[in-house]
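Asks: Here you go, one structure.
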Amino acid sequence: MEGASRAAGDRVCRRCLMKELGMEEYLESVRLCRERMPPRERTPDKEYQARLAACRECVQLVNATCQLCGCYVEIRAAKRSARCPASPRRWG
(Lines give C-alpha, C1' and ligand atoms only; values in the text may rest on other atoms or scores of the structure.)
Protein backbone atom coordinates (compact mmCIF):
# COMPACT_ATOMS: atom_id res chain seq x y z
CA MET A 1 0.00 0.00 0.00
CA GLU A 2 1.33 3.38 -0.92
CA GLY A 3 0.03 6.27 1.13
CA ALA A 4 0.80 9.89 1.87
CA SER A 5 -0.70 12.32 4.35
CA ARG A 6 -2.07 15.58 2.99
CA ALA A 7 -3.66 17.05 6.09
CA ALA A 8 -4.59 15.79 9.51
CA GLY A 9 -6.76 12.73 8.92
CA ASP A 10 -6.74 13.00 5.12
CA ARG A 11 -5.09 10.10 3.39
CA VAL A 12 -4.38 9.40 -0.23
CA CYS A 13 -3.80 5.76 -0.90
CA ARG A 14 -2.86 4.60 -4.35
CA ARG A 15 -3.95 1.08 -5.20
CA CYS A 16 -6.03 0.65 -2.04
CA LEU A 17 -9.52 -0.77 -1.74
CA MET A 18 -12.17 0.39 0.73
CA LYS A 19 -11.05 -2.02 3.45
CA GLU A 20 -7.56 -0.51 3.57
CA LEU A 21 -9.03 3.00 3.84
CA GLY A 22 -11.13 2.26 6.92
CA MET A 23 -14.38 2.39 4.95
CA GLU A 24 -15.75 -0.80 6.52
CA GLU A 25 -19.32 0.52 6.87
CA TYR A 26 -19.49 1.48 3.22
CA LEU A 27 -17.80 -1.77 2.20
CA GLU A 28 -20.45 -3.69 4.17
CA SER A 29 -23.20 -1.90 2.22
CA VAL A 30 -21.44 -2.88 -1.02
CA ARG A 31 -21.25 -6.49 0.20
CA LEU A 32 -24.97 -6.52 1.00
CA CYS A 33 -25.84 -4.92 -2.33
CA ARG A 34 -23.79 -7.53 -4.18
CA GLU A 35 -25.32 -10.33 -2.12
CA ARG A 36 -28.82 -9.14 -3.00
CA MET A 37 -28.14 -8.83 -6.74
CA PRO A 38 -29.87 -11.44 -8.85
CA PRO A 39 -27.31 -14.18 -9.61
CA ARG A 40 -27.46 -13.47 -13.35
CA GLU A 41 -26.33 -9.87 -12.67
CA ARG A 42 -23.72 -10.60 -9.99
CA THR A 43 -20.10 -11.34 -10.82
CA PRO A 44 -19.20 -14.82 -9.49
CA ASP A 45 -17.00 -14.70 -6.37
CA LYS A 46 -13.81 -15.99 -8.01
CA GLU A 47 -14.11 -13.55 -10.92
CA TYR A 48 -15.00 -10.70 -8.55
CA GLN A 49 -11.82 -11.29 -6.55
CA ALA A 50 -9.78 -11.47 -9.79
CA ARG A 51 -11.26 -8.15 -10.93
CA LEU A 52 -10.37 -6.51 -7.61
CA ALA A 53 -6.85 -7.93 -7.80
CA ALA A 54 -6.44 -6.42 -11.28
CA CYS A 55 -7.71 -3.07 -10.01
CA ARG A 56 -5.24 -3.15 -7.11
CA GLU A 57 -2.40 -3.40 -9.64
CA CYS A 58 -3.67 -0.45 -11.68
CA VAL A 59 -2.08 2.98 -11.22
CA GLN A 60 -5.51 4.54 -11.83
CA LEU A 61 -6.81 3.21 -8.48
CA VAL A 62 -6.70 5.99 -5.88
CA ASN A 63 -8.63 5.90 -2.59
CA ALA A 64 -10.69 2.91 -3.79
CA THR A 65 -11.79 4.97 -6.81
CA CYS A 66 -11.00 4.41 -10.48
CA GLN A 67 -9.55 7.65 -11.77
CA LEU A 68 -10.68 6.81 -15.32
CA CYS A 69 -14.41 6.63 -14.59
CA GLY A 70 -14.82 7.84 -11.00
CA CYS A 71 -16.43 4.64 -9.68
CA TYR A 72 -15.67 2.73 -6.52
CA VAL A 73 -14.09 -0.39 -7.96
CA GLU A 74 -15.80 -2.75 -5.50
CA ILE A 75 -19.15 -1.64 -6.89
CA ARG A 76 -18.20 -1.71 -10.56
CA ALA A 77 -16.53 -5.12 -10.28
CA ALA A 78 -19.62 -6.58 -8.56
CA LYS A 79 -21.83 -6.26 -11.62
CA ARG A 80 -21.23 -9.00 -14.18
CA SER A 81 -21.92 -6.73 -17.18
CA ALA A 82 -19.50 -3.99 -16.04
CA ARG A 83 -16.24 -3.48 -17.88
CA CYS A 84 -12.89 -1.99 -16.92
CA PRO A 85 -12.62 1.52 -18.44
CA ALA A 86 -8.87 1.20 -19.13
CA SER A 87 -7.45 0.62 -22.56
CA PRO A 88 -6.58 -2.19 -22.83
CA ARG A 89 -9.07 -3.50 -20.31
CA ARG A 90 -7.76 -5.24 -17.22
CA TRP A 91 -10.99 -7.28 -16.90
CA GLY A 92 -14.43 -7.69 -18.44
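Residues are named by chain letter and number: chains run A, B, ... in the order of the C-alpha coordinates, numbers start at 1 in each chain, and ligands are numbered from 1 in the order shown.
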Report as a ChimeraX atom specification: the residues of chain A with a DSSP assignment of alpha helix (DSSP H), based on the backbone of this structure.

Replies: /A:24-36,45-56,73-78

Asks: DSSP on the backbone, strand (DSSP E or B) only: what residues of chain A does that give? Format it as a list in words.

Replies: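 The strand (DSSP E or B) residues within chain A come out as Glu2, Gly3, Ala4, Ser5, Arg11, Val12, Cys13, Arg14, Arg42, Leu61, Val62, Thr65, Cys66, Tyr72 and Lys79 of chain A.
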
Asks: Name all residues at most 9 Å from stretch 53-68 of chain A (count only C-alpha atoms; drop same-chain ones fewer than 4 positions away) and give them as a CSV table (one decimal) with all heavy atoms, in the first residue's frame.

Replies:
chain,number,residue,atom,x,y,z
A,11,ARG,N,-6.1,11.1,3.8
A,11,ARG,CA,-5.1,10.1,3.4
A,11,ARG,C,-5.3,9.8,1.9
A,11,ARG,O,-6.5,9.6,1.5
A,11,ARG,CB,-5.3,8.8,4.2
A,11,ARG,CG,-4.3,7.8,3.9
A,11,ARG,CD,-4.4,6.7,4.9
A,11,ARG,NE,-3.8,5.5,4.3
A,11,ARG,CZ,-4.0,4.3,4.7
A,11,ARG,NH1,-4.9,4.0,5.6
A,11,ARG,NH2,-3.4,3.3,4.1
A,12,VAL,N,-4.3,9.8,1.2
A,12,VAL,CA,-4.4,9.4,-0.2
A,12,VAL,C,-3.7,8.1,-0.3
A,12,VAL,O,-2.5,7.9,0.1
A,12,VAL,CB,-3.7,10.4,-1.2
A,12,VAL,CG1,-3.7,9.9,-2.6
A,12,VAL,CG2,-4.4,11.8,-1.1
A,13,CYS,N,-4.4,7.1,-0.8
A,13,CYS,CA,-3.8,5.8,-0.9
A,13,CYS,C,-3.9,5.3,-2.3
A,13,CYS,O,-5.0,5.0,-2.8
A,13,CYS,CB,-4.5,4.8,0.1
A,13,CYS,SG,-3.7,3.2,0.2
A,14,ARG,N,-2.8,5.1,-3.0
A,14,ARG,CA,-2.9,4.6,-4.3
A,14,ARG,C,-2.9,3.1,-4.3
A,14,ARG,O,-2.2,2.5,-3.5
A,14,ARG,CB,-1.6,5.1,-5.1
A,14,ARG,CG,-1.6,6.6,-5.2
A,14,ARG,CD,-0.5,7.0,-6.2
A,14,ARG,NE,-0.4,8.4,-6.2
A,14,ARG,CZ,-1.2,9.2,-6.9
A,14,ARG,NH1,-2.2,8.7,-7.6
A,14,ARG,NH2,-1.1,10.5,-6.9
A,15,ARG,N,-3.8,2.5,-5.1
A,15,ARG,CA,-3.9,1.1,-5.2
A,15,ARG,C,-4.5,0.5,-3.9
A,15,ARG,O,-4.1,-0.6,-3.5
A,15,ARG,CB,-2.7,0.4,-5.7
A,15,ARG,CG,-2.4,0.8,-7.1
A,15,ARG,CD,-1.2,0.2,-7.6
A,15,ARG,NE,-0.1,1.0,-7.1
A,15,ARG,CZ,1.1,1.0,-7.5
A,15,ARG,NH1,1.5,0.1,-8.4
A,15,ARG,NH2,2.0,1.8,-7.1
A,16,CYS,N,-5.4,1.2,-3.2
A,16,CYS,CA,-6.0,0.6,-2.0
A,16,CYS,C,-7.5,0.5,-2.3
A,16,CYS,O,-8.1,1.2,-3.1
A,16,CYS,CB,-5.9,1.6,-0.9
A,16,CYS,SG,-4.2,1.7,-0.2
A,17,LEU,N,-8.1,-0.5,-1.7
A,17,LEU,CA,-9.5,-0.8,-1.7
A,17,LEU,C,-10.1,-0.2,-0.5
A,17,LEU,O,-9.4,0.3,0.4
A,17,LEU,CB,-9.8,-2.3,-1.9
A,17,LEU,CG,-9.2,-2.9,-3.1
A,17,LEU,CD1,-9.4,-4.4,-3.1
A,17,LEU,CD2,-9.8,-2.3,-4.4
A,18,MET,N,-11.5,-0.2,-0.4
A,18,MET,CA,-12.2,0.4,0.7
A,18,MET,C,-11.7,-0.1,2.1
A,18,MET,O,-11.6,0.6,3.0
A,18,MET,CB,-13.7,0.1,0.6
A,18,MET,CG,-14.3,0.9,-0.5
A,18,MET,SD,-16.1,0.5,-0.5
A,18,MET,CE,-16.5,1.1,-2.2
A,19,LYS,N,-11.4,-1.4,2.2
A,19,LYS,CA,-11.0,-2.0,3.4
A,19,LYS,C,-9.8,-1.4,4.0
A,19,LYS,O,-9.7,-1.1,5.2
A,19,LYS,CB,-10.8,-3.5,3.3
A,19,LYS,CG,-10.5,-4.2,4.6
A,19,LYS,CD,-10.5,-5.7,4.3
A,19,LYS,CE,-10.2,-6.4,5.7
A,19,LYS,NZ,-10.1,-7.9,5.5
A,20,GLU,N,-8.8,-1.1,3.1
A,20,GLU,CA,-7.6,-0.5,3.6
A,20,GLU,C,-7.7,1.0,4.0
A,20,GLU,O,-6.9,1.5,4.7
A,20,GLU,CB,-6.5,-0.6,2.5
A,20,GLU,CG,-6.0,-2.0,2.3
A,20,GLU,CD,-6.7,-2.8,1.2
A,20,GLU,OE1,-7.5,-2.2,0.4
A,20,GLU,OE2,-6.6,-4.0,1.3
A,21,LEU,N,-8.8,1.6,3.5
A,21,LEU,CA,-9.0,3.0,3.8
A,21,LEU,C,-9.9,3.2,5.1
A,21,LEU,O,-10.3,4.3,5.4
A,21,LEU,CB,-9.7,3.7,2.6
A,21,LEU,CG,-8.8,3.8,1.4
A,21,LEU,CD1,-9.6,4.3,0.2
A,21,LEU,CD2,-7.6,4.7,1.7
A,48,TYR,N,-15.0,-12.0,-9.3
A,48,TYR,CA,-15.0,-10.7,-8.5
A,48,TYR,C,-13.7,-10.4,-7.9
A,48,TYR,O,-13.1,-9.3,-8.0
A,48,TYR,CB,-16.1,-10.7,-7.5
A,48,TYR,CG,-16.3,-9.5,-6.7
A,48,TYR,CD1,-16.7,-8.3,-7.3
A,48,TYR,CD2,-16.1,-9.5,-5.3
A,48,TYR,CE1,-16.9,-7.1,-6.5
A,48,TYR,CE2,-16.2,-8.4,-4.6
A,48,TYR,CZ,-16.6,-7.2,-5.2
A,48,TYR,OH,-16.8,-6.0,-4.4
A,49,GLN,N,-13.1,-11.4,-7.2
A,49,GLN,CA,-11.8,-11.3,-6.6
A,49,GLN,C,-10.7,-11.0,-7.6
A,49,GLN,O,-9.8,-10.3,-7.3
A,49,GLN,CB,-11.5,-12.5,-5.7
A,49,GLN,CG,-12.4,-12.6,-4.5
A,49,GLN,CD,-12.5,-11.4,-3.6
A,49,GLN,OE1,-11.4,-10.8,-3.4
A,49,GLN,NE2,-13.7,-11.0,-3.2
A,72,TYR,N,-16.3,3.6,-7.5
A,72,TYR,CA,-15.7,2.7,-6.5
A,72,TYR,C,-15.5,1.4,-7.2
A,72,TYR,O,-16.5,0.8,-7.6
A,72,TYR,CB,-16.5,2.6,-5.2
A,72,TYR,CG,-16.4,3.8,-4.3
A,72,TYR,CD1,-17.5,4.6,-4.0
A,72,TYR,CD2,-15.2,4.2,-3.8
A,72,TYR,CE1,-17.4,5.7,-3.2
A,72,TYR,CE2,-15.1,5.3,-3.0
A,72,TYR,CZ,-16.2,6.0,-2.7
A,72,TYR,OH,-16.1,7.1,-1.8
A,73,VAL,N,-14.3,0.9,-7.2
A,73,VAL,CA,-14.1,-0.4,-8.0
A,73,VAL,C,-14.8,-1.6,-7.4
A,73,VAL,O,-15.2,-2.5,-8.1
A,73,VAL,CB,-12.6,-0.7,-8.1
A,73,VAL,CG1,-11.9,0.4,-8.9
A,73,VAL,CG2,-11.9,-0.9,-6.8
A,74,GLU,N,-15.1,-1.6,-6.1
A,74,GLU,CA,-15.8,-2.8,-5.5
A,74,GLU,C,-17.2,-2.8,-6.0
A,74,GLU,O,-17.8,-3.9,-6.2
A,74,GLU,CB,-15.9,-2.7,-4.0
A,74,GLU,CG,-14.6,-3.1,-3.3
A,74,GLU,CD,-13.6,-2.0,-3.0
A,74,GLU,OE1,-13.7,-0.9,-3.6
A,74,GLU,OE2,-12.7,-2.2,-2.1
A,84,CYS,N,-14.0,-2.9,-17.3
A,84,CYS,CA,-12.9,-2.0,-16.9
A,84,CYS,C,-12.8,-0.9,-18.0
A,84,CYS,O,-12.8,-1.1,-19.2
A,84,CYS,CB,-11.6,-2.8,-16.9
A,84,CYS,SG,-10.1,-1.8,-16.7
A,85,PRO,N,-12.7,0.4,-17.5
A,85,PRO,CA,-12.6,1.5,-18.4
A,85,PRO,C,-11.2,1.7,-19.1
A,85,PRO,O,-11.1,2.6,-20.0
A,85,PRO,CB,-13.0,2.7,-17.6
A,85,PRO,CG,-12.6,2.4,-16.2
A,85,PRO,CD,-12.8,0.9,-16.1
A,86,ALA,N,-10.2,1.0,-18.6
A,86,ALA,CA,-8.9,1.2,-19.1
A,86,ALA,C,-8.8,0.7,-20.5
A,86,ALA,O,-9.6,-0.1,-21.0
A,86,ALA,CB,-7.9,0.5,-18.2
A,90,ARG,N,-8.4,-4.3,-18.2
A,90,ARG,CA,-7.8,-5.2,-17.2
A,90,ARG,C,-8.7,-6.4,-16.9
A,90,ARG,O,-8.2,-7.5,-16.5
A,90,ARG,CB,-7.4,-4.5,-15.9
A,90,ARG,CG,-6.3,-3.5,-16.1
A,90,ARG,CD,-6.0,-2.8,-14.8
A,90,ARG,NE,-4.8,-2.1,-15.0
A,90,ARG,CZ,-3.6,-2.6,-14.7
A,90,ARG,NH1,-3.4,-3.8,-14.3
A,90,ARG,NH2,-2.5,-1.9,-14.9
A,91,TRP,N,-10.0,-6.2,-17.1
A,91,TRP,CA,-11.0,-7.3,-16.9
A,91,TRP,C,-12.3,-6.9,-17.6
A,91,TRP,O,-12.4,-5.8,-18.0
A,91,TRP,CB,-11.3,-7.6,-15.4
A,91,TRP,CG,-11.6,-6.4,-14.6
A,91,TRP,CD1,-10.8,-5.7,-13.8
A,91,TRP,CD2,-12.9,-5.7,-14.4
A,91,TRP,NE1,-11.4,-4.6,-13.2
A,91,TRP,CE2,-12.8,-4.7,-13.6
A,91,TRP,CE3,-14.2,-6.0,-15.0
A,91,TRP,CZ2,-13.8,-3.8,-13.2
A,91,TRP,CZ3,-15.2,-5.1,-14.6
A,91,TRP,CH2,-15.0,-4.1,-13.8

Asks: Quick one: pull the distance between atom CA of A:Glu28 and atom CA of A:Ala77, Å, one decimal.

Replies: 15.0 Å

Asks: Quick one: everything within 9 Å of stretch 79-83 of chain A, counting only C-alpha atoms, minus sequence neighbours fewer than 4 positions away in the same chain. Send it as a ChimeraX atom specification.

Replies: /A:34,37,40-44,48,75,89-92

Asks: Could you write out that same residue set with all heavy atoms as a CSV table (one decimal), in the first residue's frame?

Replies:
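Saved the output as selection.csv:
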chain,number,residue,atom,x,y,z
A,34,ARG,N,-24.2,-6.4,-3.3
A,34,ARG,CA,-23.8,-7.5,-4.2
A,34,ARG,C,-24.5,-8.8,-3.8
A,34,ARG,O,-24.9,-9.6,-4.7
A,34,ARG,CB,-22.3,-7.7,-4.1
A,34,ARG,CG,-21.7,-8.7,-5.0
A,34,ARG,CD,-20.2,-8.7,-5.0
A,34,ARG,NE,-19.7,-9.8,-5.8
A,34,ARG,CZ,-19.4,-11.0,-5.4
A,34,ARG,NH1,-19.5,-11.3,-4.1
A,34,ARG,NH2,-19.1,-11.9,-6.2
A,37,MET,N,-28.0,-8.9,-5.3
A,37,MET,CA,-28.1,-8.8,-6.7
A,37,MET,C,-28.6,-10.2,-7.2
A,37,MET,O,-28.2,-11.2,-6.7
A,37,MET,CB,-26.8,-8.6,-7.4
A,37,MET,CG,-26.4,-7.2,-7.5
A,37,MET,SD,-24.8,-7.1,-8.4
A,37,MET,CE,-24.3,-5.5,-8.1
A,40,ARG,N,-27.8,-13.7,-11.9
A,40,ARG,CA,-27.5,-13.5,-13.3
A,40,ARG,C,-26.8,-12.1,-13.5
A,40,ARG,O,-26.1,-11.9,-14.5
A,40,ARG,CB,-28.7,-13.6,-14.2
A,40,ARG,CG,-29.7,-12.5,-14.1
A,40,ARG,CD,-31.0,-12.7,-14.9
A,40,ARG,NE,-31.9,-11.6,-14.7
A,40,ARG,CZ,-32.7,-11.5,-13.6
A,40,ARG,NH1,-32.6,-12.3,-12.6
A,40,ARG,NH2,-33.5,-10.5,-13.5
A,41,GLU,N,-26.9,-11.2,-12.6
A,41,GLU,CA,-26.3,-9.9,-12.7
A,41,GLU,C,-25.0,-9.8,-11.9
A,41,GLU,O,-24.2,-8.9,-12.1
A,41,GLU,CB,-27.3,-8.8,-12.2
A,41,GLU,CG,-28.5,-8.6,-13.0
A,41,GLU,CD,-29.5,-7.6,-12.5
A,41,GLU,OE1,-29.1,-6.8,-11.6
A,41,GLU,OE2,-30.7,-7.6,-12.9
A,42,ARG,N,-24.8,-10.7,-10.9
A,42,ARG,CA,-23.7,-10.6,-10.0
A,42,ARG,C,-22.5,-11.3,-10.6
A,42,ARG,O,-22.6,-12.4,-11.1
A,42,ARG,CB,-24.1,-11.2,-8.7
A,42,ARG,CG,-23.1,-11.2,-7.6
A,42,ARG,CD,-23.5,-11.8,-6.3
A,42,ARG,NE,-24.1,-13.1,-6.4
A,42,ARG,CZ,-25.3,-13.4,-6.0
A,42,ARG,NH1,-26.1,-12.6,-5.4
A,42,ARG,NH2,-25.8,-14.7,-6.2
A,43,THR,N,-21.4,-10.7,-10.4
A,43,THR,CA,-20.1,-11.3,-10.8
A,43,THR,C,-19.8,-12.5,-9.9
A,43,THR,O,-19.9,-12.3,-8.6
A,43,THR,CB,-18.9,-10.3,-10.8
A,43,THR,OG1,-19.2,-9.2,-11.6
A,43,THR,CG2,-17.6,-11.0,-11.2
A,44,PRO,N,-19.5,-13.7,-10.4
A,44,PRO,CA,-19.2,-14.8,-9.5
A,44,PRO,C,-18.0,-14.5,-8.6
A,44,PRO,O,-17.1,-13.7,-9.0
A,44,PRO,CB,-18.8,-15.9,-10.5
A,44,PRO,CG,-19.5,-15.6,-11.7
A,44,PRO,CD,-19.5,-14.1,-11.8
A,48,TYR,N,-15.0,-12.0,-9.3
A,48,TYR,CA,-15.0,-10.7,-8.5
A,48,TYR,C,-13.7,-10.4,-7.9
A,48,TYR,O,-13.1,-9.3,-8.0
A,48,TYR,CB,-16.1,-10.7,-7.5
A,48,TYR,CG,-16.3,-9.5,-6.7
A,48,TYR,CD1,-16.7,-8.3,-7.3
A,48,TYR,CD2,-16.1,-9.5,-5.3
A,48,TYR,CE1,-16.9,-7.1,-6.5
A,48,TYR,CE2,-16.2,-8.4,-4.6
A,48,TYR,CZ,-16.6,-7.2,-5.2
A,48,TYR,OH,-16.8,-6.0,-4.4
A,75,ILE,N,-17.8,-1.7,-6.3
A,75,ILE,CA,-19.2,-1.6,-6.9
A,75,ILE,C,-19.1,-2.0,-8.4
A,75,ILE,O,-19.9,-2.8,-8.8
A,75,ILE,CB,-19.8,-0.2,-6.7
A,75,ILE,CG1,-19.9,0.0,-5.2
A,75,ILE,CG2,-21.1,-0.2,-7.4
A,75,ILE,CD1,-20.3,1.4,-4.9
A,89,ARG,N,-8.3,-3.2,-21.5
A,89,ARG,CA,-9.1,-3.5,-20.3
A,89,ARG,C,-8.3,-4.5,-19.5
A,89,ARG,O,-7.7,-5.4,-20.0
A,89,ARG,CB,-10.4,-4.1,-20.6
A,89,ARG,CG,-11.4,-3.1,-21.2
A,89,ARG,CD,-12.7,-3.8,-21.5
A,89,ARG,NE,-13.7,-2.8,-22.0
A,89,ARG,CZ,-14.6,-3.1,-22.8
A,89,ARG,NH1,-14.8,-4.3,-23.3
A,89,ARG,NH2,-15.4,-2.1,-23.2
A,90,ARG,N,-8.4,-4.3,-18.2
A,90,ARG,CA,-7.8,-5.2,-17.2
A,90,ARG,C,-8.7,-6.4,-16.9
A,90,ARG,O,-8.2,-7.5,-16.5
A,90,ARG,CB,-7.4,-4.5,-15.9
A,90,ARG,CG,-6.3,-3.5,-16.1
A,90,ARG,CD,-6.0,-2.8,-14.8
A,90,ARG,NE,-4.8,-2.1,-15.0
A,90,ARG,CZ,-3.6,-2.6,-14.7
A,90,ARG,NH1,-3.4,-3.8,-14.3
A,90,ARG,NH2,-2.5,-1.9,-14.9
A,91,TRP,N,-10.0,-6.2,-17.1
A,91,TRP,CA,-11.0,-7.3,-16.9
A,91,TRP,C,-12.3,-6.9,-17.6
A,91,TRP,O,-12.4,-5.8,-18.0
A,91,TRP,CB,-11.3,-7.6,-15.4
A,91,TRP,CG,-11.6,-6.4,-14.6
A,91,TRP,CD1,-10.8,-5.7,-13.8
A,91,TRP,CD2,-12.9,-5.7,-14.4
A,91,TRP,NE1,-11.4,-4.6,-13.2
A,91,TRP,CE2,-12.8,-4.7,-13.6
A,91,TRP,CE3,-14.2,-6.0,-15.0
A,91,TRP,CZ2,-13.8,-3.8,-13.2
A,91,TRP,CZ3,-15.2,-5.1,-14.6
A,91,TRP,CH2,-15.0,-4.1,-13.8
A,92,GLY,N,-13.1,-7.9,-17.8
A,92,GLY,CA,-14.4,-7.7,-18.4
A,92,GLY,C,-14.3,-7.5,-19.9
A,92,GLY,O,-14.9,-7.4,-20.8
